[in-house]
Amino acid sequence: MSRSQRRPEWIRLGNGQVIPFDADLISRGLFAAGKRLGNPDSFTARELTESVLHFLSEASESVLSVEQVDDVVVKVVRELGYPELAWTYASFYRLGCQARVADTTLPADVPLPRIESAAHSDFSLREVFSPDLVALHQEGLLRLGGLDAPFHLAGVVVSPAQDFFQSIVNCRRFADKFVVLDSPEFWLADDACTSVEPFIKDLHCAVQATGLQVIVNLNIRESPAWASDLVSGPLFASAFDQEARRTEIALRLFRHLPKIVTIRTSWHLQVESFQPQNKWVLDAILEGHIQGKRVVFSFDRPKQPVSLSRTLDRRRTALLLCVSLDLARFARRRGMREPERFLEKLGTLARLAVSAGAQKREFLRRRQNDWPAFLLDRAHLVVRPLHLDRAVHHLSGKELCGDEEALEFAEQIVRRLRDVLAAEAASRHIGVRLDGVSPHDDRPAMLQQLRAVAYLHRSGPTGTATICYPSSNPPDRASLFDVLALAQADTTIESIEFLGIGSAEEPTSKSSETDT
């Protein structure tokens with residue numbers, strides 16, 4: 001059983017009230033004590049907290065008192081070589097006393113939208129997240145998403161009640177960044193319409209009215225839950241005819257969707273998509289990508305949830321928050337030169353990321369009471385490891401895509417993150433998903449990148465893989481087709497996005513649906 005699974009569950013306050021135990025309170029108190037001493041260190045505070053949890057797990061009582069916990073904190077911190085920190089904690093910051101400092105200074109002549117965004121970000125750093133996480137965010141080790149939208153989720157999957165336009169507008173009440181449309185061709189096929197232009201017009205109006213990004217999922221064979229009551233097509237139409245009609249509508253939607261960043265497409269592929277008689281459909285989509293449309297190619301596999309975006313699927317329909325971990329910056333911290341030590345300390349950084357998700361969920365839970373039932377409970381956290389290739393090169397001196405040992409070390413990093421996140425998520429009862437595990441390097445050939453990404457994804461799903469190429473030398477349809485066919489047949493990758501490096505689209509700064 002892991003350390004996080006053995007942690008205490010309840011704590012008794014001085015007034016006799018019993019509340020759930022929250023290890024973050026200890027970490028916050030230690031961070032505040034260090035700040036008072038002039039040496040604020042979020043990472044050390046969290047590591048000391050994990051040592052405290054180890055000793056608290058040995059307690060026989062099911063409910064611990066505040067005094068018991070504080071005594072263990074002071075003793076452990078003192079014995080680990082931090083006597084001044086232990087004394088300061090005991091004197092001023094026992095269990096959750098926090099020092100928050102607000103800085104609301106804004107430069108003159110700033111446009112109103114930027115002022116609003118800065119004000120919301122300041123509010124988030126002051127009221128949503130604890131000071132130790134804020135310090136890590138400001139240091140750049142841990143990047144908190146959603147700062148400009150403290151009262152919203154990042155994104156949700158739309159379930160149309162009357163029509164998609166009204167559903168998107170309704171979602172703006174609780175989503176701030178993006179919404180996901182699941183198979184609108186089912187809805188259009190049932191409507192027996194011959195033109196997709198009215199739907200495209202409504203979709204464009206919804207984007208302008210809400211400011212949300214829309215991810216449109218097309219060509220999924222399995223119908224969405226909301227379409228179960230629809231009767232698609234003519235009364236005596238065969239299943240093959242209905243499927244052909246939906247494919248035709250999906251292809252027309254893709255061709256007519258405007259080339260704007262706020263409307264994106266996720267085109268779904270099955271085994272039959274690569275058969276000779278169906279190749280013309282995929283060729284049309286690849287040609288659209290070459291012409292400038294942003295497309296994510298998702299692989300629908302048996303017994304696997306249908307992926308709907310980089311962060312959502314048909315089981316996880318709401319995104320709470322995205323937290324990015326800068327692995328390259330973390331690898332350059334003092335004392336991190338040895339790969340073994342990096343892997344050991346990486347667990348602490350991952351636990352801090354889960355703490356951020358739990359804090360955002362608790363903040364929303366206290367303030368939002370008029371959302372759809374269980375929406376917040378189903379919302380999950382996404383953790384994105386940034387600059388994996390740079391971290392591997394810094395620690396091993398080798399290129400991720402060009403060396404077996406470097407690739408194996410990168411896989412150890414991904415596995416370490418996955419294991420720690422899963423254990424921490426279970427202890428906090430929050431869904432966590434890993435996304436964005438890709439080299440982000442356009443120098444290796446695309447098939448070589450695919451091999452590396454497939455190796456990193458082999459022990460479990462890690463979201464969308466990014467395959468890069470120089471924007472000055474884009475590949476042709478045949479090369480893209482070969483990559484997708486190999487990924488479908490020989491890997492467990494959920495989805496692939498092709499990105500040209502050197503254009504306006506840098507892979508580490510895009511994907512606004514994950515709010516990085």
# chains A, B, ... in the order shown; residues from 1 in each chain; ligands from 1
>>> closest_atom_pairs(of="segment 453-497 of chain A", to="segment 298-302 of chain A", cutoff="7 Å", atoms="only C-alpha atoms", output="tab-separated table")
residue	atom	partner	partner_atom	distance
A:Gln488	CA	A:Phe299	CA	6.6
A:Glu494	CA	A:Phe299	CA	5.6
A:Ser495	CA	A:Ser298	CA	4.1
A:Ile496	CA	A:Ser298	CA	6.5
>>> write_last_selection(atoms="N, CA and C atoms", output="PDB file, in the first residue's frame")
ATOM      1  N   GLN A 488      -2.368   3.292 -36.029  1.00  0.00           N
ATOM      2  CA  GLN A 488      -3.594   2.524 -35.818  1.00  0.00           C
ATOM      3  C   GLN A 488      -3.290   1.039 -35.630  1.00  0.00           C
ATOM      4  N   GLU A 494      -3.822   7.167 -28.480  1.00  0.00           N
ATOM      5  CA  GLU A 494      -5.227   7.560 -28.569  1.00  0.00           C
ATOM      6  C   GLU A 494      -5.495   8.458 -29.760  1.00  0.00           C
ATOM      7  N   SER A 495      -4.631   9.437 -29.962  1.00  0.00           N
ATOM      8  CA  SER A 495      -4.844  10.402 -31.042  1.00  0.00           C
ATOM      9  C   SER A 495      -3.525  11.064 -31.397  1.00  0.00           C
ATOM     10  N   ILE A 496      -3.486  11.624 -32.598  1.00  0.00           N
ATOM     11  CA  ILE A 496      -2.273  12.269 -33.119  1.00  0.00           C
ATOM     12  C   ILE A 496      -2.647  13.625 -33.698  1.00  0.00           C
TER      13      ILE A 496
END
>>> residues_around(residues="Ala331 of chain A", least_positions_apart="3", cutoff="10 Å", atoms="only C-alpha atoms", output="NGL selection string")
:A and (141 or 326-328 or 334-339 or 341-343 or 345-346 or 388 or 390-395)
>>> residues_around(residues="Val382 of chain A", least_positions_apart="4", cutoff="9 Å", atoms="only C-alpha atoms", output="PyMOL selection string")
chain A and resi 311+319-324+357+431-435+514
>>> write_last_selection(atoms="C-alpha atoms", output="mmCIF file, in the first residue's frame")
data_model
loop_
_atom_site.group_PDB
_atom_site.id
_atom_site.type_symbol
_atom_site.label_atom_id
_atom_site.label_comp_id
_atom_site.auth_asym_id
_atom_site.auth_seq_id
_atom_site.Cartn_x
_atom_site.Cartn_y
_atom_site.Cartn_z
ATOM 1 C CA THR A 311 -8.348 16.096 -22.564
ATOM 2 C CA LEU A 319 -12.155 19.431 -17.499
ATOM 3 C CA LEU A 320 -11.558 21.017 -14.121
ATOM 4 C CA LEU A 321 -8.063 22.379 -14.639
ATOM 5 C CA CYS A 322 -4.817 21.818 -16.503
ATOM 6 C CA VAL A 323 -1.533 21.919 -14.600
ATOM 7 C CA SER A 324 1.742 21.803 -16.549
ATOM 8 C CA GLY A 357 -6.732 20.310 -8.792
ATOM 9 C CA GLY A 431 -9.900 12.089 -11.663
ATOM 10 C CA VAL A 432 -6.459 12.787 -13.135
ATOM 11 C CA ARG A 433 -5.330 12.362 -16.736
ATOM 12 C CA LEU A 434 -1.828 12.639 -18.188
ATOM 13 C CA ASP A 435 -1.582 14.404 -21.553
ATOM 14 C CA THR A 514 -6.084 22.279 -22.022
#
>>> residues_around(residues="Ser62 of chain A", least_positions_apart="5", cutoff="9 Å", atoms="only C-alpha atoms", output="PyMOL selection string")
chain A and resi 8-11
>>> residues_around(residues="Leu325 of chain A", least_positions_apart="4", cutoff="9 Å", atoms="only C-alpha atoms", output="PDB file with all heavy atoms, in the first residue's frame")
ATOM      1  N   GLY A 140       7.937  28.870 -12.065  1.00  0.00           N
ATOM      2  CA  GLY A 140       7.849  28.248 -13.375  1.00  0.00           C
ATOM      3  C   GLY A 140       7.922  26.737 -13.362  1.00  0.00           C
ATOM      4  O   GLY A 140       7.857  26.117 -14.419  1.00  0.00           O
ATOM      5  N   LEU A 141       8.035  26.117 -12.200  1.00  0.00           N
ATOM      6  CA  LEU A 141       8.092  24.658 -12.130  1.00  0.00           C
ATOM      7  C   LEU A 141       6.723  24.039 -12.380  1.00  0.00           C
ATOM      8  O   LEU A 141       6.609  22.990 -13.007  1.00  0.00           O
ATOM      9  CB  LEU A 141       8.611  24.207 -10.764  1.00  0.00           C
ATOM     10  CG  LEU A 141      10.083  24.471 -10.462  1.00  0.00           C
ATOM     11  CD1 LEU A 141      10.414  24.029  -9.050  1.00  0.00           C
ATOM     12  CD2 LEU A 141      10.963  23.734 -11.460  1.00  0.00           C
ATOM     13  N   LEU A 142       5.705  24.705 -11.892  1.00  0.00           N
ATOM     14  CA  LEU A 142       4.343  24.205 -11.974  1.00  0.00           C
ATOM     15  C   LEU A 142       3.463  25.339 -12.484  1.00  0.00           C
ATOM     16  O   LEU A 142       3.372  26.383 -11.841  1.00  0.00           O
ATOM     17  CB  LEU A 142       3.897  23.712 -10.590  1.00  0.00           C
ATOM     18  CG  LEU A 142       2.528  23.082 -10.416  1.00  0.00           C
ATOM     19  CD1 LEU A 142       2.574  22.030  -9.300  1.00  0.00           C
ATOM     20  CD2 LEU A 142       1.500  24.138 -10.049  1.00  0.00           C
ATOM     21  N   ARG A 143       2.853  25.165 -13.641  1.00  0.00           N
ATOM     22  CA  ARG A 143       2.078  26.230 -14.267  1.00  0.00           C
ATOM     23  C   ARG A 143       0.592  25.970 -14.080  1.00  0.00           C
ATOM     24  O   ARG A 143       0.050  24.985 -14.582  1.00  0.00           O
ATOM     25  CB  ARG A 143       2.412  26.332 -15.753  1.00  0.00           C
ATOM     26  CG  ARG A 143       3.898  26.530 -16.016  1.00  0.00           C
ATOM     27  CD  ARG A 143       4.190  26.668 -17.491  1.00  0.00           C
ATOM     28  NE  ARG A 143       5.620  26.653 -17.767  1.00  0.00           N
ATOM     29  CZ  ARG A 143       6.148  26.745 -18.971  1.00  0.00           C
ATOM     30  NH1 ARG A 143       5.350  26.850 -20.032  1.00  0.00           N
ATOM     31  NH2 ARG A 143       7.449  26.712 -19.149  1.00  0.00           N
ATOM     32  N   ARG A 329      12.988  22.650 -16.513  1.00  0.00           N
ATOM     33  CA  ARG A 329      13.349  23.554 -15.424  1.00  0.00           C
ATOM     34  C   ARG A 329      13.566  22.770 -14.124  1.00  0.00           C
ATOM     35  O   ARG A 329      14.469  23.073 -13.336  1.00  0.00           O
ATOM     36  CB  ARG A 329      12.234  24.597 -15.234  1.00  0.00           C
ATOM     37  CG  ARG A 329      12.578  25.702 -14.245  1.00  0.00           C
ATOM     38  CD  ARG A 329      11.384  26.633 -14.076  1.00  0.00           C
ATOM     39  NE  ARG A 329      11.076  27.331 -15.306  1.00  0.00           N
ATOM     40  CZ  ARG A 329      11.539  28.535 -15.618  1.00  0.00           C
ATOM     41  NH1 ARG A 329      12.343  29.164 -14.784  1.00  0.00           N
ATOM     42  NH2 ARG A 329      11.198  29.106 -16.755  1.00  0.00           N
ATOM     43  N   PHE A 330      12.723  21.761 -13.908  1.00  0.00           N
ATOM     44  CA  PHE A 330      12.859  20.936 -12.709  1.00  0.00           C
ATOM     45  C   PHE A 330      14.186  20.178 -12.716  1.00  0.00           C
ATOM     46  O   PHE A 330      14.836  20.036 -11.679  1.00  0.00           O
ATOM     47  CB  PHE A 330      11.686  19.960 -12.636  1.00  0.00           C
ATOM     48  CG  PHE A 330      11.616  19.177 -11.357  1.00  0.00           C
ATOM     49  CD1 PHE A 330      11.455  19.810 -10.138  1.00  0.00           C
ATOM     50  CD2 PHE A 330      11.704  17.788 -11.379  1.00  0.00           C
ATOM     51  CE1 PHE A 330      11.389  19.086  -8.959  1.00  0.00           C
ATOM     52  CE2 PHE A 330      11.636  17.053 -10.211  1.00  0.00           C
ATOM     53  CZ  PHE A 330      11.480  17.706  -8.987  1.00  0.00           C
ATOM     54  N   LEU A 349       6.616  16.667  -7.043  1.00  0.00           N
ATOM     55  CA  LEU A 349       6.058  17.660  -7.959  1.00  0.00           C
ATOM     56  C   LEU A 349       4.695  17.200  -8.482  1.00  0.00           C
ATOM     57  O   LEU A 349       3.769  18.004  -8.623  1.00  0.00           O
ATOM     58  CB  LEU A 349       7.027  17.885  -9.118  1.00  0.00           C
ATOM     59  CG  LEU A 349       6.722  19.061 -10.047  1.00  0.00           C
ATOM     60  CD1 LEU A 349       6.785  20.387  -9.294  1.00  0.00           C
ATOM     61  CD2 LEU A 349       7.688  19.076 -11.225  1.00  0.00           C
ATOM     62  N   ALA A 350       4.565  15.907  -8.785  1.00  0.00           N
ATOM     63  CA  ALA A 350       3.284  15.378  -9.270  1.00  0.00           C
ATOM     64  C   ALA A 350       2.199  15.498  -8.202  1.00  0.00           C
ATOM     65  O   ALA A 350       1.041  15.835  -8.502  1.00  0.00           O
ATOM     66  CB  ALA A 350       3.454  13.924  -9.702  1.00  0.00           C
ATOM     67  N   ALA A 353       0.822  18.913  -8.098  1.00  0.00           N
ATOM     68  CA  ALA A 353      -0.113  19.168  -9.194  1.00  0.00           C
ATOM     69  C   ALA A 353      -1.511  18.688  -8.839  1.00  0.00           C
ATOM     70  O   ALA A 353      -2.508  19.366  -9.124  1.00  0.00           O
ATOM     71  CB  ALA A 353       0.379  18.478 -10.471  1.00  0.00           C
ATOM     72  N   VAL A 383      -2.758  16.783 -16.216  1.00  0.00           N
ATOM     73  CA  VAL A 383      -1.367  17.134 -15.917  1.00  0.00           C
ATOM     74  C   VAL A 383      -0.561  16.950 -17.195  1.00  0.00           C
ATOM     75  O   VAL A 383      -0.582  15.882 -17.808  1.00  0.00           O
ATOM     76  CB  VAL A 383      -0.800  16.260 -14.788  1.00  0.00           C
ATOM     77  CG1 VAL A 383       0.678  16.587 -14.561  1.00  0.00           C
ATOM     78  CG2 VAL A 383      -1.603  16.465 -13.510  1.00  0.00           C
ATOM     79  N   ARG A 384       0.142  18.003 -17.601  1.00  0.00           N
ATOM     80  CA  ARG A 384       0.916  17.980 -18.840  1.00  0.00           C
ATOM     81  C   ARG A 384       2.402  18.147 -18.529  1.00  0.00           C
ATOM     82  O   ARG A 384       2.828  19.188 -18.030  1.00  0.00           O
ATOM     83  CB  ARG A 384       0.475  19.095 -19.781  1.00  0.00           C
ATOM     84  CG  ARG A 384      -0.977  19.013 -20.215  1.00  0.00           C
ATOM     85  CD  ARG A 384      -1.225  19.936 -21.383  1.00  0.00           C
ATOM     86  NE  ARG A 384      -0.544  19.451 -22.567  1.00  0.00           N
ATOM     87  CZ  ARG A 384      -0.106  20.237 -23.555  1.00  0.00           C
ATOM     88  NH1 ARG A 384      -0.245  21.547 -23.449  1.00  0.00           N
ATOM     89  NH2 ARG A 384       0.477  19.729 -24.610  1.00  0.00           N
ATOM     90  N   PRO A 385       3.217  17.142 -18.797  1.00  0.00           N
ATOM     91  CA  PRO A 385       4.673  17.293 -18.640  1.00  0.00           C
ATOM     92  C   PRO A 385       5.255  18.022 -19.843  1.00  0.00           C
ATOM     93  O   PRO A 385       5.164  17.544 -20.983  1.00  0.00           O
ATOM     94  CB  PRO A 385       5.166  15.839 -18.569  1.00  0.00           C
ATOM     95  CG  PRO A 385       4.133  15.053 -19.304  1.00  0.00           C
ATOM     96  CD  PRO A 385       2.814  15.776 -19.166  1.00  0.00           C
ATOM     97  N   LEU A 386       5.848  19.169 -19.612  1.00  0.00           N
ATOM     98  CA  LEU A 386       6.439  19.972 -20.680  1.00  0.00           C
ATOM     99  C   LEU A 386       7.936  19.690 -20.799  1.00  0.00           C
ATOM    100  O   LEU A 386       8.613  19.411 -19.809  1.00  0.00           O
ATOM    101  CB  LEU A 386       6.227  21.468 -20.412  1.00  0.00           C
ATOM    102  CG  LEU A 386       4.783  21.966 -20.272  1.00  0.00           C
ATOM    103  CD1 LEU A 386       4.785  23.456 -19.995  1.00  0.00           C
ATOM    104  CD2 LEU A 386       3.972  21.640 -21.509  1.00  0.00           C
ATOM    105  N   HIS A 387       8.437  19.778 -22.038  1.00  0.00           N
ATOM    106  CA  HIS A 387       9.880  19.702 -22.320  1.00  0.00           C
ATOM    107  C   HIS A 387      10.511  18.403 -21.814  1.00  0.00           C
ATOM    108  O   HIS A 387      11.602  18.409 -21.238  1.00  0.00           O
ATOM    109  CB  HIS A 387      10.605  20.905 -21.704  1.00  0.00           C
ATOM    110  CG  HIS A 387       9.991  22.223 -22.046  1.00  0.00           C
ATOM    111  ND1 HIS A 387       9.698  22.590 -23.344  1.00  0.00           N
ATOM    112  CD2 HIS A 387       9.594  23.270 -21.259  1.00  0.00           C
ATOM    113  CE1 HIS A 387       9.161  23.808 -23.342  1.00  0.00           C
ATOM    114  NE2 HIS A 387       9.074  24.236 -22.111  1.00  0.00           N
TER     115      HIS A 387
END
>>> select_by_dssp(residues="segment 124-323 of chain A", states="strand (DSSP E)", output="PyMOL selection string")
chain A and resi 142-144+153-157+175-182+213-218+263-269+295-299+318-323
>>> write_last_selection(atoms="N, CA, C and O atoms", output="compact mmCIF listing (two decimals), in the first residue's frame")
# COMPACT_ATOMS: atom_id res chain seq x y z
N LEU A 142 5.71 24.70 -11.89
CA LEU A 142 4.34 24.21 -11.97
C LEU A 142 3.46 25.34 -12.48
O LEU A 142 3.37 26.38 -11.84
N ARG A 143 2.85 25.16 -13.64
CA ARG A 143 2.08 26.23 -14.27
C ARG A 143 0.59 25.97 -14.08
O ARG A 143 0.05 24.98 -14.58
N LEU A 144 -0.05 26.84 -13.36
CA LEU A 144 -1.47 26.69 -13.04
C LEU A 144 -2.32 27.25 -14.18
O LEU A 144 -2.17 28.41 -14.55
N LEU A 153 -15.12 25.96 -14.92
CA LEU A 153 -14.35 24.84 -15.42
C LEU A 153 -13.65 25.26 -16.71
O LEU A 153 -14.00 26.28 -17.30
N ALA A 154 -12.67 24.47 -17.14
CA ALA A 154 -11.99 24.80 -18.39
C ALA A 154 -12.84 24.45 -19.59
O ALA A 154 -12.94 25.22 -20.55
N GLY A 155 -13.48 23.28 -19.58
CA GLY A 155 -14.26 22.87 -20.74
C GLY A 155 -15.19 21.72 -20.42
O GLY A 155 -15.01 21.01 -19.42
N VAL A 156 -16.19 21.51 -21.30
CA VAL A 156 -17.18 20.45 -21.11
C VAL A 156 -17.59 19.89 -22.47
O VAL A 156 -17.39 20.51 -23.51
N VAL A 157 -18.18 18.71 -22.43
CA VAL A 157 -18.78 18.10 -23.62
C VAL A 157 -20.24 18.54 -23.69
O VAL A 157 -20.96 18.49 -22.70
N ALA A 175 -18.39 26.85 -18.28
CA ALA A 175 -17.13 26.57 -18.98
C ALA A 175 -16.57 27.86 -19.56
O ALA A 175 -17.32 28.65 -20.13
N ASP A 176 -15.26 28.05 -19.44
CA ASP A 176 -14.67 29.32 -19.85
C ASP A 176 -13.80 29.22 -21.09
O ASP A 176 -13.62 30.21 -21.79
N LYS A 177 -13.26 28.02 -21.40
CA LYS A 177 -12.28 27.91 -22.47
C LYS A 177 -12.83 27.24 -23.72
O LYS A 177 -12.65 27.74 -24.83
N PHE A 178 -13.45 26.09 -23.57
CA PHE A 178 -13.83 25.33 -24.76
C PHE A 178 -15.02 24.43 -24.46
O PHE A 178 -15.32 24.10 -23.31
N VAL A 179 -15.71 24.05 -25.54
CA VAL A 179 -16.75 23.03 -25.48
C VAL A 179 -16.47 22.02 -26.58
O VAL A 179 -15.82 22.32 -27.58
N VAL A 180 -16.96 20.82 -26.39
CA VAL A 180 -16.73 19.73 -27.32
C VAL A 180 -18.06 19.25 -27.87
O VAL A 180 -18.99 18.96 -27.11
N LEU A 181 -18.17 19.18 -29.19
CA LEU A 181 -19.35 18.64 -29.86
C LEU A 181 -19.07 17.19 -30.23
O LEU A 181 -18.07 16.89 -30.90
N ASP A 182 -19.94 16.31 -29.81
CA ASP A 182 -19.81 14.88 -30.05
C ASP A 182 -20.75 14.45 -31.18
O ASP A 182 -21.96 14.36 -31.00
N GLN A 213 -13.86 28.25 -27.52
CA GLN A 213 -13.35 27.42 -28.60
C GLN A 213 -14.25 26.19 -28.71
O GLN A 213 -14.75 25.68 -27.70
N VAL A 214 -14.47 25.71 -29.94
CA VAL A 214 -15.32 24.55 -30.16
C VAL A 214 -14.51 23.46 -30.85
O VAL A 214 -13.87 23.71 -31.89
N ILE A 215 -14.50 22.27 -30.28
CA ILE A 215 -13.86 21.11 -30.88
C ILE A 215 -14.96 20.21 -31.41
O ILE A 215 -15.80 19.72 -30.65
N VAL A 216 -15.00 20.00 -32.72
CA VAL A 216 -16.05 19.25 -33.38
C VAL A 216 -15.54 17.85 -33.70
O VAL A 216 -14.59 17.69 -34.47
N ASN A 217 -16.17 16.82 -33.11
CA ASN A 217 -15.80 15.43 -33.35
C ASN A 217 -16.65 14.85 -34.46
O ASN A 217 -17.89 14.88 -34.38
N LEU A 218 -16.00 14.31 -35.48
CA LEU A 218 -16.69 13.79 -36.65
C LEU A 218 -16.23 12.36 -36.95
O LEU A 218 -15.11 11.97 -36.61
N ILE A 263 -12.50 27.15 -33.96
CA ILE A 263 -13.25 25.96 -34.37
C ILE A 263 -12.24 24.95 -34.88
O ILE A 263 -11.54 25.19 -35.85
N ARG A 264 -12.18 23.81 -34.22
CA ARG A 264 -11.22 22.79 -34.58
C ARG A 264 -11.95 21.46 -34.81
O ARG A 264 -13.07 21.27 -34.35
N THR A 265 -11.28 20.54 -35.47
CA THR A 265 -11.88 19.26 -35.82
C THR A 265 -11.09 18.11 -35.22
O THR A 265 -9.85 18.12 -35.24
N SER A 266 -11.81 17.13 -34.70
CA SER A 266 -11.22 15.85 -34.32
C SER A 266 -11.85 14.80 -35.22
O SER A 266 -13.04 14.49 -35.08
N TRP A 267 -11.07 14.27 -36.17
CA TRP A 267 -11.58 13.29 -37.13
C TRP A 267 -11.22 11.89 -36.63
O TRP A 267 -10.06 11.59 -36.37
N HIS A 268 -12.23 11.04 -36.51
CA HIS A 268 -12.04 9.73 -35.91
C HIS A 268 -11.77 8.66 -36.97
O HIS A 268 -12.38 8.67 -38.05
N LEU A 269 -10.86 7.75 -36.63
CA LEU A 269 -10.43 6.70 -37.54
C LEU A 269 -10.67 5.33 -36.92
O LEU A 269 -10.47 5.13 -35.71
N VAL A 295 -6.49 19.73 -37.34
CA VAL A 295 -7.19 18.46 -37.19
C VAL A 295 -6.41 17.57 -36.21
O VAL A 295 -5.19 17.46 -36.29
N VAL A 296 -7.15 16.97 -35.30
CA VAL A 296 -6.60 15.90 -34.46
C VAL A 296 -7.20 14.60 -34.97
O VAL A 296 -8.41 14.50 -35.17
N PHE A 297 -6.38 13.60 -35.19
CA PHE A 297 -6.83 12.30 -35.67
C PHE A 297 -6.93 11.35 -34.48
O PHE A 297 -5.92 11.02 -33.85
N SER A 298 -8.15 10.93 -34.18
CA SER A 298 -8.40 10.07 -33.02
C SER A 298 -8.68 8.64 -33.48
O SER A 298 -9.42 8.43 -34.45
N PHE A 299 -8.12 7.68 -32.76
CA PHE A 299 -8.28 6.27 -33.11
C PHE A 299 -9.33 5.63 -32.20
O PHE A 299 -9.16 5.58 -30.97
N ALA A 318 -15.88 16.60 -18.45
CA ALA A 318 -15.63 17.97 -17.97
C ALA A 318 -14.18 18.08 -17.52
O ALA A 318 -13.66 17.18 -16.86
N LEU A 319 -13.54 19.18 -17.90
CA LEU A 319 -12.15 19.43 -17.50
C LEU A 319 -12.14 20.49 -16.41
O LEU A 319 -12.57 21.62 -16.62
N LEU A 320 -11.65 20.11 -15.26
CA LEU A 320 -11.56 21.02 -14.12
C LEU A 320 -10.43 22.03 -14.30
O LEU A 320 -10.62 23.24 -14.15
N LEU A 321 -9.26 21.54 -14.66
CA LEU A 321 -8.06 22.38 -14.64
C LEU A 321 -6.95 21.64 -15.36
O LEU A 321 -6.91 20.41 -15.38
N CYS A 322 -6.04 22.39 -15.95
CA CYS A 322 -4.82 21.82 -16.50
C CYS A 322 -3.62 22.40 -15.76
O CYS A 322 -3.50 23.62 -15.61
N VAL A 323 -2.76 21.52 -15.28
CA VAL A 323 -1.53 21.92 -14.60
C VAL A 323 -0.36 21.36 -15.40
O VAL A 323 -0.31 20.17 -15.69
>>> closest_residue(among="A:Arg310, A:Arg12, A:Gln242, A:Gly211", to="Asp190 of chain A", atoms="only C-alpha atoms")
A:Gln242
>>> residues_around(residues="Val453 of chain A", least_positions_apart="4", cutoff="7 Å", atoms="only C-alpha atoms", output="ChimeraX atom specification")
/A:438,449,457,465
>>> write_last_selection(atoms="all heavy atoms", output="PDB file, in the first residue's frame")
ATOM      1  N   SER A 438       5.083  13.927 -25.603  1.00  0.00           N
ATOM      2  CA  SER A 438       5.654  13.890 -26.958  1.00  0.00           C
ATOM      3  C   SER A 438       6.989  14.624 -26.954  1.00  0.00           C
ATOM      4  O   SER A 438       7.198  15.545 -26.162  1.00  0.00           O
ATOM      5  CB  SER A 438       4.707  14.553 -27.968  1.00  0.00           C
ATOM      6  OG  SER A 438       3.480  13.856 -28.066  1.00  0.00           O
ATOM      7  N   GLN A 449       9.722   9.689 -34.809  1.00  0.00           N
ATOM      8  CA  GLN A 449       8.977  10.297 -33.713  1.00  0.00           C
ATOM      9  C   GLN A 449       7.849   9.384 -33.245  1.00  0.00           C
ATOM     10  O   GLN A 449       7.607   9.241 -32.043  1.00  0.00           O
ATOM     11  CB  GLN A 449       8.396  11.641 -34.153  1.00  0.00           C
ATOM     12  CG  GLN A 449       9.398  12.732 -34.446  1.00  0.00           C
ATOM     13  CD  GLN A 449       8.715  14.011 -34.846  1.00  0.00           C
ATOM     14  OE1 GLN A 449       7.873  14.543 -34.122  1.00  0.00           O
ATOM     15  NE2 GLN A 449       9.051  14.514 -36.028  1.00  0.00           N
ATOM     16  N   HIS A 457       3.877   5.673 -24.767  1.00  0.00           N
ATOM     17  CA  HIS A 457       2.461   5.426 -24.527  1.00  0.00           C
ATOM     18  C   HIS A 457       2.155   3.957 -24.232  1.00  0.00           C
ATOM     19  O   HIS A 457       1.004   3.617 -24.007  1.00  0.00           O
ATOM     20  CB  HIS A 457       1.646   5.849 -25.759  1.00  0.00           C
ATOM     21  CG  HIS A 457       1.482   7.321 -25.903  1.00  0.00           C
ATOM     22  ND1 HIS A 457       0.258   7.949 -25.930  1.00  0.00           N
ATOM     23  CD2 HIS A 457       2.402   8.311 -26.036  1.00  0.00           C
ATOM     24  CE1 HIS A 457       0.429   9.244 -26.081  1.00  0.00           C
ATOM     25  NE2 HIS A 457       1.725   9.492 -26.154  1.00  0.00           N
ATOM     26  N   ALA A 465      -0.740  12.512 -28.961  1.00  0.00           N
ATOM     27  CA  ALA A 465       0.665  12.573 -29.361  1.00  0.00           C
ATOM     28  C   ALA A 465       0.827  13.642 -30.428  1.00  0.00           C
ATOM     29  O   ALA A 465      -0.008  13.778 -31.322  1.00  0.00           O
ATOM     30  CB  ALA A 465       1.118  11.226 -29.905  1.00  0.00           C
TER      31      ALA A 465
END
>>> atom_distance(atom1="atom CA of Ala406 of chain A", atom2="atom CA of Asp389 of chain A")
9.0 Å
>>> closest_residue(among="A:Arg416, A:Lys303, A:Arg477, A:Arg351", to="Phe43 of chain A", atoms="only C-alpha atoms")
A:Arg351
>>> atom_distance(atom1="atom CA of Arg245 of chain A", atom2="atom CA of Ser307 of chain A")
22.4 Å
>>> select_by_dssp(residues="segment 212-289 of chain A", states="helix (DSSP H, G or I)", output="NGL selection string")
:A and (225-227 or 239-256 or 271-274 or 276-289)
>>> closest_residue(among="A:Val63, A:Ala423, A:Ala250, A:Leu499", to="Lys293 of chain A", atoms="only C-alpha atoms")
A:Leu499
